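For reference, final26.cif (mmCIF, C-alpha atoms):
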data_entry
loop_
_atom_site.label_atom_id
_atom_site.label_comp_id
_atom_site.auth_asym_id
_atom_site.auth_seq_id
_atom_site.Cartn_x
_atom_site.Cartn_y
_atom_site.Cartn_z
CA MET A 1 -94.18 -60.31 24.43
CA SER A 2 -91.60 -61.58 26.92
CA GLU A 3 -89.77 -64.75 25.93
CA ARG A 4 -90.98 -66.24 29.20
CA HIS A 5 -94.62 -65.97 28.20
CA ALA A 6 -96.24 -68.50 25.88
CA VAL A 7 -99.68 -66.89 25.99
CA ARG A 8 -100.76 -63.33 26.65
CA ALA A 9 -104.28 -61.94 26.30
CA GLU A 10 -105.34 -58.40 27.08
CA GLY A 11 -108.94 -57.21 27.27
CA LEU A 12 -110.44 -60.06 25.24
CA ALA A 13 -114.09 -59.50 24.38
CA LYS A 14 -116.57 -61.78 22.67
CA SER A 15 -120.32 -61.34 22.49
CA TYR A 16 -123.26 -63.25 21.05
CA GLY A 17 -126.05 -60.76 20.62
CA ASP A 18 -126.38 -59.01 23.96
CA LYS A 19 -124.63 -61.83 25.83
CA HIS A 20 -120.98 -61.27 26.80
CA ALA A 21 -119.04 -64.55 26.76
CA LEU A 22 -115.81 -62.62 27.44
CA ASP A 23 -115.83 -59.13 28.88
CA GLY A 24 -112.29 -57.74 29.11
CA PHE A 25 -110.51 -61.01 29.87
CA ASP A 26 -106.75 -60.88 30.67
CA LEU A 27 -104.38 -63.86 30.83
CA THR A 28 -100.62 -64.43 30.98
CA VAL A 29 -99.12 -67.94 30.80
CA ARG A 30 -95.43 -68.57 31.45
CA GLU A 31 -93.53 -70.89 29.15
CA GLY A 32 -92.97 -74.48 30.26
CA THR A 33 -95.77 -74.55 32.83
CA VAL A 34 -99.29 -75.85 33.33
CA HIS A 35 -101.55 -72.84 33.78
CA GLY A 36 -105.05 -73.55 35.03
CA LEU A 37 -108.11 -71.64 33.87
CA LEU A 38 -110.69 -72.35 36.54
CA GLY A 39 -114.36 -71.46 36.49
CA PRO A 40 -117.93 -72.78 36.30
CA ASN A 41 -119.85 -73.67 33.16
CA GLY A 42 -120.63 -70.47 31.30
CA ALA A 43 -117.72 -68.48 32.77
CA GLY A 44 -115.99 -68.09 29.39
CA LYS A 45 -113.28 -70.76 29.57
CA THR A 46 -114.07 -72.47 26.29
CA THR A 47 -114.59 -69.17 24.49
CA ALA A 48 -111.14 -68.02 25.61
CA VAL A 49 -109.53 -71.24 24.38
CA ARG A 50 -111.33 -71.03 21.04
CA ILE A 51 -110.06 -67.50 20.49
CA LEU A 52 -106.50 -68.33 21.53
CA SER A 53 -106.47 -71.39 19.26
CA THR A 54 -107.85 -69.30 16.33
CA LEU A 55 -111.10 -71.26 16.05
CA ILE A 56 -113.21 -68.14 16.47
CA GLY A 57 -112.47 -64.44 16.13
CA LEU A 58 -112.39 -61.89 18.90
CA ASP A 59 -114.55 -58.78 19.13
CA GLY A 60 -112.06 -56.74 21.13
CA GLY A 61 -108.68 -56.84 22.83
CA ARG A 62 -105.61 -58.67 21.59
CA ALA A 63 -103.84 -61.96 22.17
CA GLU A 64 -100.52 -63.58 21.36
CA VAL A 65 -99.63 -67.27 21.42
CA ALA A 66 -96.00 -68.37 21.03
CA GLY A 67 -95.16 -64.77 20.17
CA LEU A 68 -97.70 -64.60 17.33
CA ASP A 69 -100.81 -62.46 17.08
CA VAL A 70 -103.87 -64.73 16.95
CA ALA A 71 -105.85 -62.33 14.74
CA ARG A 72 -103.17 -61.31 12.23
CA GLN A 73 -101.07 -64.50 12.21
CA ALA A 74 -103.68 -67.21 12.66
CA ARG A 75 -102.05 -69.69 10.26
CA GLU A 76 -98.68 -69.38 11.97
CA VAL A 77 -100.32 -69.78 15.38
CA ARG A 78 -102.03 -73.00 14.30
CA ALA A 79 -98.63 -74.44 13.31
CA ARG A 80 -97.35 -73.91 16.87
CA ILE A 81 -100.25 -75.21 18.94
CA GLY A 82 -102.20 -78.33 19.79
CA LEU A 83 -105.80 -78.53 21.01
CA THR A 84 -107.68 -81.24 22.85
CA GLY A 85 -111.35 -80.60 23.48
CA GLN A 86 -113.78 -81.99 26.00
CA TYR A 87 -114.40 -85.18 24.04
CA ALA A 88 -111.91 -87.50 22.36
CA ALA A 89 -111.70 -86.88 18.60
CA VAL A 90 -110.20 -90.24 17.63
CA ASP A 91 -111.78 -92.81 15.29
CA GLU A 92 -112.99 -95.82 17.30
CA VAL A 93 -113.01 -98.11 14.25
CA LEU A 94 -109.27 -97.69 13.69
CA THR A 95 -106.49 -98.93 15.95
CA GLY A 96 -104.46 -96.54 18.07
CA ARG A 97 -101.56 -96.81 15.63
CA GLN A 98 -103.78 -96.19 12.61
CA ASN A 99 -105.29 -93.12 14.26
CA LEU A 100 -101.88 -91.56 14.86
CA GLU A 101 -100.63 -92.42 11.39
CA MET A 102 -103.77 -90.85 9.93
CA PHE A 103 -103.24 -87.65 11.90
CA GLY A 104 -99.60 -87.62 10.80
CA ARG A 105 -100.63 -87.76 7.16
CA LEU A 106 -103.19 -85.01 7.73
CA PHE A 107 -100.32 -82.89 9.03
CA HIS A 108 -98.38 -83.66 5.80
CA LEU A 109 -95.63 -85.68 7.49
CA GLY A 110 -95.49 -88.27 4.72
CA GLY A 111 -96.00 -92.01 5.18
CA ARG A 112 -92.63 -92.95 6.67
CA ARG A 113 -92.44 -90.01 9.07
CA ALA A 114 -96.09 -90.46 10.09
CA ARG A 115 -95.43 -94.11 10.99
CA ALA A 116 -92.28 -93.20 12.93
CA ARG A 117 -94.04 -90.41 14.81
CA ALA A 118 -96.90 -92.78 15.70
CA VAL A 119 -94.42 -95.20 17.26
CA GLU A 120 -92.82 -92.37 19.27
CA LEU A 121 -96.14 -91.14 20.60
CA LEU A 122 -97.49 -94.58 21.42
CA GLU A 123 -94.43 -95.12 23.58
CA GLN A 124 -94.57 -91.65 25.13
CA PHE A 125 -98.19 -92.09 26.18
CA ASP A 126 -97.78 -95.70 27.32
CA LEU A 127 -100.03 -97.11 24.60
CA THR A 128 -97.58 -99.43 22.83
CA ASP A 129 -99.22 -102.61 24.14
CA ALA A 130 -102.60 -101.43 22.84
CA ALA A 131 -101.28 -99.94 19.60
CA ASP A 132 -102.95 -102.49 17.29
CA ARG A 133 -106.17 -102.79 19.23
CA GLY A 134 -109.34 -101.08 18.02
CA VAL A 135 -109.89 -97.81 19.88
CA GLY A 136 -113.48 -98.88 20.55
CA LYS A 137 -112.01 -101.33 23.08
CA TYR A 138 -109.93 -98.67 24.86
CA SER A 139 -110.83 -97.40 28.33
CA GLY A 140 -111.84 -93.78 28.74
CA GLY A 141 -108.39 -92.86 30.01
CA MET A 142 -106.68 -94.61 27.11
CA ARG A 143 -108.87 -92.75 24.60
CA ARG A 144 -107.98 -89.43 26.18
CA ARG A 145 -104.28 -90.29 26.17
CA LEU A 146 -104.54 -91.22 22.49
CA ASP A 147 -106.32 -87.92 21.88
CA LEU A 148 -103.47 -86.11 23.65
CA ALA A 149 -100.96 -88.02 21.53
CA ALA A 150 -102.77 -86.95 18.36
CA SER A 151 -102.57 -83.30 19.45
CA MET A 152 -98.81 -83.72 19.84
CA ILE A 153 -98.10 -84.92 16.28
CA LEU A 154 -96.13 -81.76 15.53
CA ALA A 155 -94.77 -81.32 19.09
CA PRO A 156 -96.58 -78.00 19.68
CA ALA A 157 -95.08 -75.21 21.74
CA VAL A 158 -98.45 -74.62 23.41
CA LEU A 159 -101.15 -77.21 24.09
CA PHE A 160 -104.70 -76.17 24.97
CA LEU A 161 -106.57 -78.73 27.05
CA ASP A 162 -110.24 -77.84 27.35
CA GLU A 163 -111.67 -79.85 30.26
CA PRO A 164 -109.75 -82.98 29.17
CA THR A 165 -110.99 -85.26 31.96
CA THR A 166 -114.72 -84.53 31.73
CA GLY A 167 -116.67 -87.73 32.39
CA LEU A 168 -113.63 -89.85 33.28
CA ASP A 169 -113.39 -92.05 36.35
CA PRO A 170 -110.70 -91.24 38.97
CA ARG A 171 -108.23 -93.81 37.60
CA SER A 172 -108.55 -92.51 34.04
CA ARG A 173 -108.19 -88.94 35.25
CA GLY A 174 -104.98 -89.92 37.01
CA GLU A 175 -103.65 -91.41 33.76
CA VAL A 176 -104.36 -88.19 31.89
CA TRP A 177 -102.73 -86.11 34.64
CA ALA A 178 -99.56 -88.21 34.40
CA SER A 179 -99.45 -87.65 30.63
CA VAL A 180 -99.86 -83.88 31.07
CA ARG A 181 -96.97 -83.77 33.54
CA ASP A 182 -94.78 -85.65 31.05
CA LEU A 183 -95.66 -83.17 28.29
CA VAL A 184 -94.61 -80.20 30.41
CA ALA A 185 -91.40 -81.96 31.41
CA SER A 186 -90.59 -82.25 27.70
CA GLY A 187 -91.02 -78.48 27.21
CA THR A 188 -94.65 -77.99 26.16
CA THR A 189 -96.66 -75.20 27.76
CA VAL A 190 -100.18 -76.29 28.76
CA LEU A 191 -103.24 -74.12 29.27
CA LEU A 192 -105.74 -76.29 31.12
CA THR A 193 -109.39 -75.33 31.51
CA THR A 194 -111.25 -77.22 34.18
CA GLN A 195 -114.15 -77.20 36.63
CA TYR A 196 -112.36 -79.77 38.78
CA LEU A 197 -110.71 -78.00 41.69
CA GLU A 198 -108.56 -81.02 42.50
CA GLU A 199 -107.30 -81.13 38.92
CA ALA A 200 -106.23 -77.48 38.96
CA ASP A 201 -104.60 -77.92 42.36
CA LYS A 202 -102.60 -80.99 41.35
CA LEU A 203 -101.47 -79.91 37.88
CA ALA A 204 -101.23 -76.14 37.65
CA SER A 205 -98.34 -74.04 38.93
CA ARG A 206 -100.53 -70.97 38.49
CA ILE A 207 -104.30 -70.53 38.21
CA THR A 208 -106.48 -67.83 36.71
CA VAL A 209 -110.01 -67.79 38.11
CA ILE A 210 -112.59 -66.68 35.53
CA ASP A 211 -116.18 -65.74 36.21
CA ARG A 212 -118.69 -64.02 33.93
CA GLY A 213 -116.10 -63.47 31.23
CA ARG A 214 -113.46 -61.78 33.38
CA ALA A 215 -110.37 -62.88 35.28
CA ILE A 216 -111.11 -62.26 38.94
CA ALA A 217 -107.90 -63.69 40.43
CA ASP A 218 -104.52 -64.99 39.26
CA ASP A 219 -101.98 -66.65 41.54
CA THR A 220 -100.37 -69.92 42.55
CA PRO A 221 -102.72 -72.48 44.16
CA ASP A 222 -101.26 -71.71 47.59
CA GLY A 223 -101.44 -67.97 46.94
CA LEU A 224 -105.12 -68.26 46.10
CA LYS A 225 -105.77 -70.28 49.24
CA ASP A 226 -104.07 -67.57 51.29
CA LEU A 227 -106.84 -65.21 50.14
CA VAL A 228 -109.17 -67.22 52.34
CA GLY A 229 -106.72 -67.56 55.19
CA GLY A 230 -104.39 -70.21 56.57
CA ASP A 231 -105.21 -73.37 58.46
CA ARG A 232 -108.57 -73.52 60.19
CA ILE A 233 -109.90 -75.49 63.09
CA GLU A 234 -113.28 -77.04 62.33
CA VAL A 235 -115.85 -78.50 64.72
CA VAL A 236 -119.06 -80.27 63.73
CA VAL A 237 -121.56 -80.84 66.54
CA ALA A 238 -124.45 -83.25 66.88
CA ASP A 239 -126.89 -80.74 68.39
CA ARG A 240 -127.54 -77.18 67.15
CA ALA A 241 -127.93 -76.05 70.77
CA GLU A 242 -124.23 -76.71 71.33
CA ILE A 243 -123.11 -74.18 68.71
CA PRO A 244 -122.92 -71.05 70.96
CA GLY A 245 -120.73 -72.86 73.47
CA VAL A 246 -118.46 -74.19 70.73
CA VAL A 247 -118.11 -70.69 69.29
CA LYS A 248 -116.89 -69.39 72.68
CA THR A 249 -114.42 -72.24 73.07
CA VAL A 250 -113.01 -71.86 69.59
CA ALA A 251 -112.79 -68.06 69.92
CA ARG A 252 -110.48 -68.38 72.93
CA VAL A 253 -107.72 -70.11 70.96
CA CYS A 254 -108.20 -68.87 67.39
CA GLU A 255 -106.96 -65.82 65.54
CA GLY A 256 -110.20 -64.45 64.16
CA GLU A 257 -113.92 -64.50 64.73
CA PRO A 258 -115.33 -68.04 64.36
CA GLU A 259 -117.70 -68.60 61.46
CA VAL A 260 -120.85 -70.66 61.83
CA GLU A 261 -122.55 -72.80 59.19
CA ASN A 262 -125.87 -73.47 60.89
CA GLU A 263 -127.21 -75.97 58.36
CA ALA A 264 -124.06 -78.10 58.61
CA LEU A 265 -123.78 -77.61 62.40
CA ARG A 266 -120.18 -76.51 61.75
CA VAL A 267 -118.00 -73.94 63.49
CA HIS A 268 -114.60 -72.97 62.08
CA ALA A 269 -111.94 -70.31 62.60
CA PRO A 270 -108.33 -69.57 61.53
CA VAL A 271 -105.43 -70.72 63.70
CA THR A 272 -101.65 -70.34 63.69
CA ASP A 273 -100.50 -72.73 66.42
CA ARG A 274 -102.33 -75.66 64.87
CA VAL A 275 -101.64 -78.56 67.22
CA SER A 276 -101.96 -76.76 70.54
CA ALA A 277 -105.18 -75.04 69.40
CA LEU A 278 -106.72 -78.32 68.30
CA THR A 279 -105.66 -80.03 71.52
CA GLU A 280 -107.11 -77.30 73.74
CA VAL A 281 -110.42 -77.12 71.87
CA ALA A 282 -110.83 -80.90 71.90
CA ARG A 283 -110.01 -81.15 75.60
CA THR A 284 -112.34 -78.28 76.57
CA LEU A 285 -115.27 -79.64 74.57
CA GLN A 286 -114.74 -83.08 76.08
CA ASP A 287 -114.64 -81.62 79.61
CA GLU A 288 -117.85 -79.73 78.93
CA GLY A 289 -119.57 -82.85 77.61
CA VAL A 290 -120.22 -81.44 74.14
CA ALA A 291 -121.25 -84.13 71.65
CA VAL A 292 -118.84 -83.62 68.73
CA GLU A 293 -119.44 -85.34 65.41
CA ASP A 294 -116.09 -84.30 63.96
CA ILE A 295 -113.13 -82.08 64.81
CA GLY A 296 -109.95 -81.37 62.92
CA LEU A 297 -107.63 -79.00 61.09
CA ARG A 298 -108.32 -78.04 57.51
CA ARG A 299 -106.43 -76.10 54.86
CA PRO A 300 -108.52 -73.87 52.59
CA SER A 301 -109.42 -75.50 49.28
CA LEU A 302 -109.75 -73.91 45.86
CA ASP A 303 -113.49 -74.37 46.29
CA ASP A 304 -113.28 -72.10 49.36
CA VAL A 305 -111.37 -69.58 47.24
CA PHE A 306 -113.95 -69.65 44.48
CA LEU A 307 -116.79 -69.30 46.95
CA ARG A 308 -115.09 -66.33 48.59
CA LEU A 309 -114.38 -64.62 45.26
CA THR A 310 -117.70 -65.21 43.52
CA GLY A 311 -120.27 -66.07 46.16
CA HIS A 312 -120.97 -69.45 44.56
CA ARG A 313 -119.18 -72.73 43.95
CA THR A 314 -117.86 -73.83 40.56
CA SER A 315 -120.66 -76.30 39.94
CA ALA A 316 -123.45 -73.92 40.92
CA GLU A 317 -123.90 -71.88 37.78
CA PRO A 318 -125.69 -73.31 34.72
CA VAL A 319 -124.32 -72.94 31.20
CA ARG A 320 -125.26 -69.55 29.86
CA HIS A 321 -126.66 -69.06 26.39
CA ALA A 322 -123.60 -67.16 25.17
CA GLU A 323 -121.22 -69.93 26.14
CA LYS A 324 -123.44 -72.57 24.52
CA GLU A 325 -123.21 -70.63 21.29
CA ALA A 326 -119.45 -70.33 21.69
CA MET A 327 -119.09 -74.08 22.05
CA ALA A 328 -121.19 -74.62 18.95
CA ALA A 329 -119.31 -72.03 16.88
#

Same coordinates, now as structure tokens:
Amino acid sequence: MSERHAVRAEGLAKSYGDKHALDGFDLTVREGTVHGLLGPNGAGKTTAVRILSTLIGLDGGRAEVAGLDVARQAREVRARIGLTGQYAAVDEVLTGRQNLEMFGRLFHLGGRRARARAVELLEQFDLTDAADRGVGKYSGGMRRRLDLAASMILAPAVLFLDEPTTGLDPRSRGEVWASVRDLVASGTTVLLTTQYLEEADKLASRITVIDRGRAIADDTPDGLKDLVGGDRIEVVVADRAEIPGVVKTVARVCEGEPEVENEALRVHAPVTDRVSALTEVARTLQDEGVAVEDIGLRRPSLDDVFLRLTGHRTSAEPVRHAEKEAMAA
């Protein structure tokens, strides 16, 4: 495996009965980056992380983490990685400091080194002021940051974050994002699974889109958006009867055929000369007396990408039986 790759998986397969949680899944993660694994519930994200972190075995394919084979060198892999799941695994009865010291002892650091490492991590994750407060009084974001700190006891080469901001409010999510950026700046490689399109867009330098157990796209966030097209002009009208006229107006200044979303009363089409196109469409519609609810320029989102690739949005698909079993394994 290239020195530049912290994770490489080829043809991973995992089944539960006749259900395929992973079906020939491929993944390559460059060292020192945040790599997003984006997909809906049931797509296979958690199963992939569990295999890569040696929690469950694979049925087919092969994978390496930090240059080590996850099947043949599982113990060595575990010494090089950290894992944070969807829910904080800290003890709410103990203080933040006590939690980290406990984890240090579990990792055989010894009392003095465990205490010193706890101090380092409390400072790194901006928890020093709350160090001697019971974790039960922490906010959701503070708990997640403490959970991240616990996963960093041995300063892992690779950190797996499995939907780390599930259930958090926007402020707490922002706190976790800041901590993740700091980890990568210090040299840790992060594989982040998420359903949150904004999270993948803000954190990941590269994203693998997974659906039904297979990787269906892999690129930078901007590269994925280019699959859908560049900037688009978008017009929302008040009356459905206005849509044909808006389509003609938009078609005169846009690059491609306008698309119509009848239920949303929305017309949109790709443009290159953004400002002049928007100005002309707005002026023409005003001159023609068209009642416009909204008009503007929009960049494609990762949600647009996912919809184009799969035919559904990330939140549309329920958890499949196979993935439920994988999470319980």

Practice problem: Spell out the residues picked by the PyMOL selection byres ((chain A and resi 205) around 6) here, as a ChimeraX atom specification. | Solution: /A:34,204,206,220

Practice problem: Let me know the residues the PyMOL selection byres ((chain A and resi 6) around 12) catches in the file above, as a PyMOL selection string. | Solution: chain A and resi 1-5+7-9+27-35+52+63-69+77+80-81+156-160+187-191

Quiz item: Between A:Asp169, A:Asp91, A:Glu288, A:Asp162, which one has atoms that come closest to Ala150 in chain A, using only C-alpha atoms?
Solution: A:Asp91

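For the pair CA of Val260 in chain A and CA of Asp231 in chain A, the separation is 16.2 Å.
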
When the PyMOL selection byres ((chain A and resi 96) around 7) is applied to the structure above, which residues does it catch, written out as a PDB file with C-alpha atoms, in the coordinates of the input?
ATOM      1  CA  LEU A  94    -109.270 -97.690  13.690  1.00  0.00           C
ATOM      2  CA  THR A  95    -106.490 -98.930  15.950  1.00  0.00           C
ATOM      3  CA  ARG A  97    -101.560 -96.810  15.630  1.00  0.00           C
ATOM      4  CA  GLN A  98    -103.780 -96.190  12.610  1.00  0.00           C
ATOM      5  CA  ASN A  99    -105.290 -93.120  14.260  1.00  0.00           C
ATOM      6  CA  LEU A 100    -101.880 -91.560  14.860  1.00  0.00           C
ATOM      7  CA  ALA A 131    -101.280 -99.940  19.600  1.00  0.00           C
ATOM      8  CA  ASP A 132    -102.950-102.490  17.290  1.00  0.00           C
ATOM      9  CA  ARG A 133    -106.170-102.790  19.230  1.00  0.00           C
ATOM     10  CA  GLY A 134    -109.340-101.080  18.020  1.00  0.00           C
ATOM     11  CA  VAL A 135    -109.890 -97.810  19.880  1.00  0.00           C
ATOM     12  CA  LEU A 146    -104.540 -91.220  22.490  1.00  0.00           C
TER      13      LEU A 146
END

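In this model, the gap between CA of Leu302 in chain A and CA of Val253 in chain A comes to 25.5 Å.
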
Practice problem: Quote the spacing between CA of Ala43 in chain A and CA of Leu307 in chain A in Å to one decimal place. | Solution: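 Separation between CA of Ala43 in chain A and CA of Leu307 in chain A: 14.2 Å.
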
Quiz item: If we count all atoms listed in the file, what is near Arg143 in chain A at a cut-off of 9 Å, once residues fewer than 6 positions away on the same chain are taken out, given as a list of chain:residue names?
Solution: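 Near neighbours after the sequence-gap exclusion: A:Ala88, A:Ala89, A:Val90, A:Glu92, A:Gly96, A:Val135, A:Gly136.
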
Quiz item: Of the candidates A:Leu127, A:Ile233, A:Cys254, A:Ala13, which shows the shortest atom-to-atom distance to Gly296 in chain A, using all atoms listed in the file?
Solution: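 For Gly296 in chain A, the nearest of the candidates is A:Ile233.
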
Quiz item: At most 8 Å from (-113.9, -94.8, 29.3), file frame, only C-alpha atoms: which residues, as a PyMOL selection string?
Solution: chain A and resi 138-143+168-169+172

Quiz item: Within 8 Å of range 270-282 of chain A, counting all atoms listed in the file, which residues qualify if same-chain residues fewer than 2 places away don't, as a PyMOL selection string?
Solution: chain A and resi 229-233+249-250+253-256+258+268+284-286+295-297

Selection from above, C-alpha atoms, as a tab-separated table (two decimals), keeping the file's coordinate frame, can you write it?
chain	number	residue	atom	x	y	z
A	229	GLY	CA	-106.72	-67.56	55.19
A	230	GLY	CA	-104.39	-70.21	56.57
A	231	ASP	CA	-105.21	-73.37	58.46
A	232	ARG	CA	-108.57	-73.52	60.19
A	233	ILE	CA	-109.90	-75.49	63.09
A	249	THR	CA	-114.42	-72.24	73.07
A	250	VAL	CA	-113.01	-71.86	69.59
A	253	VAL	CA	-107.72	-70.11	70.96
A	254	CYS	CA	-108.20	-68.87	67.39
A	255	GLU	CA	-106.96	-65.82	65.54
A	256	GLY	CA	-110.20	-64.45	64.16
A	258	PRO	CA	-115.33	-68.04	64.36
A	268	HIS	CA	-114.60	-72.97	62.08
A	284	THR	CA	-112.34	-78.28	76.57
A	285	LEU	CA	-115.27	-79.64	74.57
A	286	GLN	CA	-114.74	-83.08	76.08
A	295	ILE	CA	-113.13	-82.08	64.81
A	296	GLY	CA	-109.95	-81.37	62.92
A	297	LEU	CA	-107.63	-79.00	61.09

Quiz prompt | Long-range neighbours of range 196-203 of chain A as a ChimeraX atom specification, 9 Å cut-off, all atoms listed in the file, 6 positions minimum in chain | solution = /A:34-39,163,165-166,173,177,180-181,221-222,301-303,314

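Among the candidates A:Ala130, A:Ala178, A:Leu121, A:Ala238, the residue lying nearest to Asp147 in chain A is A:Leu121 (atoms considered: all atoms listed in the file).
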
Quiz prompt | Selected residue, from A:Val290, A:Ile207, A:Leu192, A:Val70, that lies nearest to Leu161 in chain A when counting all atoms listed in the file | solution =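 That would be A:Leu192, the residue with the smallest distance to Leu161 in chain A.
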